[in-house]
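Below is one structure, written out as structure tokens; comments come after it.
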Amino acid sequence: MSKLDVYLRSIERFGAAGAILNSGQPVTLRFPAGDRQATQVTPHDQLVILVREVAPPAVLDQIDKQRPARFEVDSDGKRYAISVTPKPGAWSVAIEPGGGGAPAAAAPPAPSGPPSRPTPRPAPSSDASDMTIERGQYDTGPVPVIVTSSGSVFLDQLTTAARGSRASDIYLNAGAAPLMRVGGELAQGDRGVVDGDTLSREIGSVAPADARTAWSEQRVATFAYGDGAGRVRVTLTRDQRGPGAALRLLHGEAAPLDRLGLPGEVTEWLDARGLVVIAGPSAAGKTTTLAALIRALGERRRVVVSLEDPIEILHTGPTISQRAIGEHVHSFTEGVESAMREGADVIVVGAVTSADAATAVINAVAGGHLVLTTVLAPAGRVAIERLIAPLSADQRDAARALCGDSLLGTIAPIVGRSGARTFEVAAAGSAT
């Protein structure tokens, strides 16, 4: 079934005469008594795919030249006329009965510039099978309302259930039922097997364009989005089964530092200059711990520049600037250079997973700032070695010496089987 067929079935289900699809805008259903807006939103890239799946080559040639075009398709024994008005970054597609029916109603002009973000509405899903329409004179009974915060009802239902189970992660793989990690153990929810098309469609509805491109071309990508209860960091993959995604569930806001139960010496580090490294395995709580430290620094009126890839837990403090790599700055090293020129009190490098990030940390430490970062490591005692590991061999000795002299301490969050978190904190004298 093509993407267009899904919309056609929804049009038939509501008894509409046709529909208008505009990039990034709610679908308009056409009825004899007047138009009604549906709750479903069609992103521009999916509208382009929808047309390219079914349009003849000659029509595509016209569309590629930014010229309006019209063609007809057969679906489930019925004929439909499709009129396309293309503009850069914003298309308008009119769907109506074909085969000699009434002339096409003119599609509302597509916006002249890039589509603006639509006003939040119930169910801005990318799946027309979830479409509902606004309550009005056509109702013969209750109209179901599907509320979504992210743009995907499917994903919001998953993350809501997982958060209710106090899960830290959700794992989605083509041809398998979703799994959750609760207290370090994997558990299966009540949802059945997810096919690859559904997974790609739902993830694609919340992923930014650059992540979708990377997923398609490089087979891996990372991004973050909000699900209404917090932030979700998504790592996209592919394997022998097809597309896959790991969703890390993050809090909506940083926790107060005193709620974490960190020792008092950590608070003293926030008033010093030097390096603080948060180390631990995946899902140990490094992001949560780092966010609490950043919040505490903001409450101390320290100017903080946090460089992240992607931005995870959002901060609202007026002295905290969060910058996404690739969106707000080109690289970690460039971001650090800018932060130092601005006179930042604190520089945060979200995670050291590359030579660029490791170099950025070293440069920030050498500049005499308070520097916070996280590394994937089994324990705090190997944090420095893990931090400098991405550097070339001839850089490591100097970096090791600089970090050793500047290290204030390491924090290693540990999650027990019950889900309770404790911390191993080592000041500089014992961490090296």
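We name chains A, B, ... following the order of the structure tokens; residues begin at 1 in each chain, and ligands are numbered from 1 as shown.
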(message) Let's see if you can do this: from backbone DSSP, list all alpha helix (DSSP H) residues in region 152-279 of chain A, as JSON, numbers by chain.
(response) {"A": [153, 154, 155, 156, 157, 158, 159, 160, 161, 162, 163, 164, 196, 197, 198, 199, 200, 201, 202, 203, 204, 205, 206, 209, 210, 211, 212, 213, 214, 215, 216, 217, 257, 258, 259, 260, 264, 265, 266, 267, 268, 269]}
Requested write-out: C-alpha atoms of the selected residues, as an mmCIF file, in the first residue's frame:
```
data_model
loop_
_atom_site.group_PDB
_atom_site.id
_atom_site.type_symbol
_atom_site.label_atom_id
_atom_site.label_comp_id
_atom_site.auth_asym_id
_atom_site.auth_seq_id
_atom_site.Cartn_x
_atom_site.Cartn_y
_atom_site.Cartn_z
ATOM 1 C CA VAL A 153 0.708 8.633 18.604
ATOM 2 C CA PHE A 154 2.543 5.310 18.379
ATOM 3 C CA LEU A 155 5.722 6.631 20.004
ATOM 4 C CA ASP A 156 3.872 8.689 22.624
ATOM 5 C CA GLN A 157 1.945 5.611 23.724
ATOM 6 C CA LEU A 158 5.202 3.672 24.025
ATOM 7 C CA THR A 159 7.061 6.325 25.997
ATOM 8 C CA THR A 160 4.093 7.028 28.272
ATOM 9 C CA ALA A 161 3.825 3.345 29.185
ATOM 10 C CA ALA A 162 7.590 3.068 29.637
ATOM 11 C CA ARG A 163 7.790 6.122 31.887
ATOM 12 C CA GLY A 164 4.934 4.697 33.938
ATOM 13 C CA GLY A 196 9.796 -2.141 9.538
ATOM 14 C CA ASP A 197 7.503 0.202 7.587
ATOM 15 C CA THR A 198 5.658 1.257 10.736
ATOM 16 C CA LEU A 199 8.906 1.796 12.612
ATOM 17 C CA SER A 200 10.410 3.900 9.802
ATOM 18 C CA ARG A 201 7.240 5.954 9.406
ATOM 19 C CA GLU A 202 6.773 6.708 13.094
ATOM 20 C CA ILE A 203 10.416 7.501 13.778
ATOM 21 C CA GLY A 204 10.512 9.587 10.603
ATOM 22 C CA SER A 205 7.615 11.696 11.859
ATOM 23 C CA VAL A 206 9.631 12.971 14.846
ATOM 24 C CA ALA A 209 15.611 15.990 8.257
ATOM 25 C CA ASP A 210 19.361 15.654 8.869
ATOM 26 C CA ALA A 211 18.812 12.611 11.103
ATOM 27 C CA ARG A 212 16.582 10.950 8.508
ATOM 28 C CA THR A 213 19.219 11.583 5.845
ATOM 29 C CA ALA A 214 22.010 10.177 8.020
ATOM 30 C CA TRP A 215 19.880 7.139 8.865
ATOM 31 C CA SER A 216 19.313 6.482 5.177
ATOM 32 C CA GLU A 217 22.823 7.177 3.932
ATOM 33 C CA LEU A 257 21.371 18.909 43.018
ATOM 34 C CA ASP A 258 20.375 18.127 46.606
ATOM 35 C CA ARG A 259 17.822 15.582 45.387
ATOM 36 C CA LEU A 260 20.541 13.379 43.890
ATOM 37 C CA GLY A 264 29.068 18.070 49.748
ATOM 38 C CA GLU A 265 32.539 18.162 48.171
ATOM 39 C CA VAL A 266 30.954 18.106 44.721
ATOM 40 C CA THR A 267 29.212 21.396 45.536
ATOM 41 C CA GLU A 268 32.601 22.901 46.363
ATOM 42 C CA TRP A 269 33.914 21.951 42.924
#
```
(message) Would you pick out the contacts of region 401-413 of chain A at 8 Å or less, using only C-alpha atoms, so that residues sharing its chain but fewer than 5 positions from it are not included, and give the list as a ChimeraX atom specification?
(response) /A:269,273-280,284-286,289,362,365-366,379-381,383-384,421-428,431-432
Store the residues of this selection in a file with N, CA and C atoms, as a CSV table (one decimal), in the first residue's frame.
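New file part_36.csv:
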```csv
chain,number,residue,atom,x,y,z
A,269,TRP,N,33.3,21.9,44.2
A,269,TRP,CA,33.9,22.0,42.9
A,269,TRP,C,33.3,23.0,42.0
A,273,ARG,N,37.9,26.2,39.6
A,273,ARG,CA,38.3,26.1,38.1
A,273,ARG,C,39.0,24.7,38.0
A,274,GLY,N,38.7,24.0,36.9
A,274,GLY,CA,39.3,22.7,36.7
A,274,GLY,C,38.3,21.8,36.0
A,275,LEU,N,38.6,20.5,36.1
A,275,LEU,CA,37.9,19.5,35.3
A,275,LEU,C,37.1,18.6,36.2
A,276,VAL,N,35.8,18.4,35.9
A,276,VAL,CA,35.0,17.4,36.6
A,276,VAL,C,34.5,16.5,35.5
A,277,VAL,N,34.7,15.2,35.8
A,277,VAL,CA,34.4,14.1,34.8
A,277,VAL,C,33.3,13.2,35.4
A,278,ILE,N,32.2,13.0,34.7
A,278,ILE,CA,31.2,12.1,35.1
A,278,ILE,C,31.4,10.8,34.3
A,279,ALA,N,31.6,9.7,34.9
A,279,ALA,CA,32.0,8.5,34.2
A,279,ALA,C,31.0,7.4,34.6
A,280,GLY,N,30.7,6.5,33.7
A,280,GLY,CA,29.9,5.3,34.0
A,280,GLY,C,29.5,4.6,32.7
A,284,ALA,N,23.6,4.6,33.2
A,284,ALA,CA,24.0,4.8,34.6
A,284,ALA,C,23.4,6.0,35.3
A,285,GLY,N,23.2,7.1,34.4
A,285,GLY,CA,22.7,8.3,35.0
A,285,GLY,C,23.6,9.5,34.7
A,286,LYS,N,24.5,9.4,33.8
A,286,LYS,CA,25.5,10.4,33.5
A,286,LYS,C,24.8,11.7,33.1
A,289,THR,N,23.0,13.4,36.0
A,289,THR,CA,23.9,14.0,36.9
A,289,THR,C,24.5,15.3,36.4
A,362,ILE,N,40.1,19.5,26.4
A,362,ILE,CA,41.5,19.9,26.7
A,362,ILE,C,41.7,21.4,26.5
A,365,VAL,N,40.0,23.2,29.4
A,365,VAL,CA,40.8,23.1,30.6
A,365,VAL,C,42.0,24.0,30.6
A,366,ALA,N,42.7,24.0,29.4
A,366,ALA,CA,43.9,24.8,29.3
A,366,ALA,C,43.6,26.3,29.4
A,379,ALA,N,34.3,2.8,35.3
A,379,ALA,CA,34.5,3.3,36.6
A,379,ALA,C,35.2,4.6,36.5
A,380,GLY,N,35.1,5.4,37.6
A,380,GLY,CA,35.7,6.7,37.6
A,380,GLY,C,37.3,6.7,37.5
A,381,ARG,N,37.9,5.6,38.0
A,381,ARG,CA,39.3,5.6,38.1
A,381,ARG,C,40.0,5.5,36.7
A,383,ALA,N,38.6,7.2,34.1
A,383,ALA,CA,37.9,8.3,33.4
A,383,ALA,C,38.8,9.1,32.5
A,384,ILE,N,40.0,9.5,33.0
A,384,ILE,CA,40.9,10.3,32.2
A,384,ILE,C,41.4,9.5,31.0
A,421,ARG,N,19.8,4.9,42.7
A,421,ARG,CA,21.1,5.4,42.2
A,421,ARG,C,22.0,5.8,43.4
A,422,THR,N,23.2,5.4,43.3
A,422,THR,CA,24.2,5.9,44.3
A,422,THR,C,25.4,6.4,43.5
A,423,PHE,N,26.3,7.0,44.2
A,423,PHE,CA,27.5,7.7,43.5
A,423,PHE,C,28.8,7.3,44.2
A,424,GLU,N,29.8,7.0,43.3
A,424,GLU,CA,31.2,6.9,43.8
A,424,GLU,C,31.8,8.2,43.4
A,425,VAL,N,32.2,9.0,44.4
A,425,VAL,CA,32.8,10.3,44.1
A,425,VAL,C,34.3,10.3,44.6
A,426,ALA,N,35.2,10.7,43.7
A,426,ALA,CA,36.6,10.7,44.1
A,426,ALA,C,37.2,12.0,43.8
A,427,ALA,N,37.8,12.7,44.8
A,427,ALA,CA,38.5,14.0,44.6
A,427,ALA,C,39.8,13.7,43.9
A,428,ALA,N,40.4,14.7,43.4
A,428,ALA,CA,41.6,14.6,42.5
A,428,ALA,C,42.7,13.7,43.1
A,431,ALA,N,41.5,10.2,42.6
A,431,ALA,CA,41.0,9.8,41.3
A,431,ALA,C,42.1,9.5,40.3
A,432,THR,N,43.2,9.9,40.5
A,432,THR,CA,44.3,9.7,39.6
A,432,THR,C,45.2,8.6,40.1
```
(request) Find the residues around region 386-389 of chain A up to 9 Å (only C-alpha atoms counted), leave out those fewer than 2 positions away in its own chain, and share them as an NGL selection string. (result) :A and (277 or 352-355 or 358-359 or 361-362 or 374-377 or 382-384 or 391-393 or 395-396 or 399-400)
(request) Give me, please, the distance in Å between CA of Ser23 (chain A) and CA of Val41 (chain A), quoted to one decimal. (result)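 A separation of 8.1 Å between them.
Excluding Val304 (chain A) and any residue on its chain fewer than 5 positions from it, the residues at most 10 Å away by only C-alpha atoms are Ile294, Arg295, Leu297, Gly298, Gly317, Pro318, Thr319, Ile320, Ser321, Gln322, Ala339, Gly343, Ala344, Asp345, Val346, Ile347, Val348, Leu370 and Val371 of chain A.
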Residues from last step as file, N, CA and C atoms, as a short mmCIF file (atom, residue, chain, number, x, y, z; two decimals), in the first residue's frame:
```cif
data_model
loop_
_atom_site.label_atom_id
_atom_site.label_comp_id
_atom_site.auth_asym_id
_atom_site.auth_seq_id
_atom_site.Cartn_x
_atom_site.Cartn_y
_atom_site.Cartn_z
N ILE A 294 24.63 21.39 36.03
CA ILE A 294 24.41 22.59 35.22
C ILE A 294 23.33 23.46 35.85
N ARG A 295 22.26 22.84 36.31
CA ARG A 295 21.19 23.61 36.96
C ARG A 295 21.73 24.34 38.19
N LEU A 297 24.76 25.32 38.75
CA LEU A 297 25.62 26.42 38.32
C LEU A 297 24.78 27.62 37.87
N GLY A 298 23.68 27.34 37.17
CA GLY A 298 22.80 28.43 36.77
C GLY A 298 22.19 29.14 37.96
N GLY A 317 17.41 28.37 32.80
CA GLY A 317 18.12 29.43 33.50
C GLY A 317 18.66 30.47 32.53
N PRO A 318 18.57 31.75 32.86
CA PRO A 318 18.98 32.82 31.93
C PRO A 318 20.47 32.85 31.65
N THR A 319 21.27 32.23 32.51
CA THR A 319 22.72 32.25 32.28
C THR A 319 23.23 30.98 31.63
N ILE A 320 22.33 30.08 31.23
CA ILE A 320 22.72 28.81 30.63
C ILE A 320 22.41 28.83 29.14
N SER A 321 23.43 28.62 28.31
CA SER A 321 23.26 28.57 26.86
C SER A 321 23.58 27.15 26.38
N GLN A 322 22.58 26.49 25.80
CA GLN A 322 22.78 25.14 25.26
C GLN A 322 22.89 25.23 23.74
N ALA A 339 32.93 30.02 23.28
CA ALA A 339 32.60 30.18 24.71
C ALA A 339 33.71 30.93 25.44
N GLY A 343 33.70 34.78 27.36
CA GLY A 343 33.96 34.92 28.77
C GLY A 343 33.09 34.03 29.64
N ALA A 344 32.74 32.84 29.14
CA ALA A 344 31.92 31.92 29.92
C ALA A 344 32.65 31.51 31.20
N ASP A 345 31.90 31.35 32.29
CA ASP A 345 32.49 30.85 33.54
C ASP A 345 32.70 29.35 33.49
N VAL A 346 31.75 28.66 32.86
CA VAL A 346 31.75 27.20 32.82
C VAL A 346 31.52 26.74 31.40
N ILE A 347 32.29 25.73 30.97
CA ILE A 347 32.11 25.14 29.65
C ILE A 347 31.79 23.66 29.85
N VAL A 348 30.72 23.22 29.22
CA VAL A 348 30.28 21.83 29.31
C VAL A 348 30.42 21.18 27.93
N LEU A 370 36.13 26.24 34.49
CA LEU A 370 35.53 25.07 35.08
C LEU A 370 34.92 24.30 33.92
N VAL A 371 35.30 23.05 33.78
CA VAL A 371 34.88 22.24 32.63
C VAL A 371 34.20 20.97 33.14
#
```
(message) With distances taken over only C-alpha atoms, which residue among A:Asn363, A:Ser282, A:Thr373, A:Thr235 lies nearest Ala221 (chain A)?
(response)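 Of all the options, A:Thr235 lies closest to Ala221 (chain A).
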(message) When you look at Asp74 (chain A) with a cut-off of 12 Å (counting only C-alpha atoms), what residues show up, excluding the ones that are within fewer than 5 positions of it in the same chain? I need them as an MDAnalysis selection string.
(response) chainID A and resid 2 4:5 8 54:55 79:82 96:99
(request) Fewer than 4 positions away in the same chain doesn't count, so skip those; otherwise give me all residues within 10 Å of Asp35 (chain A), counting only C-alpha atoms, as a PyMOL selection string. (result) chain A and resi 16-20+28-31
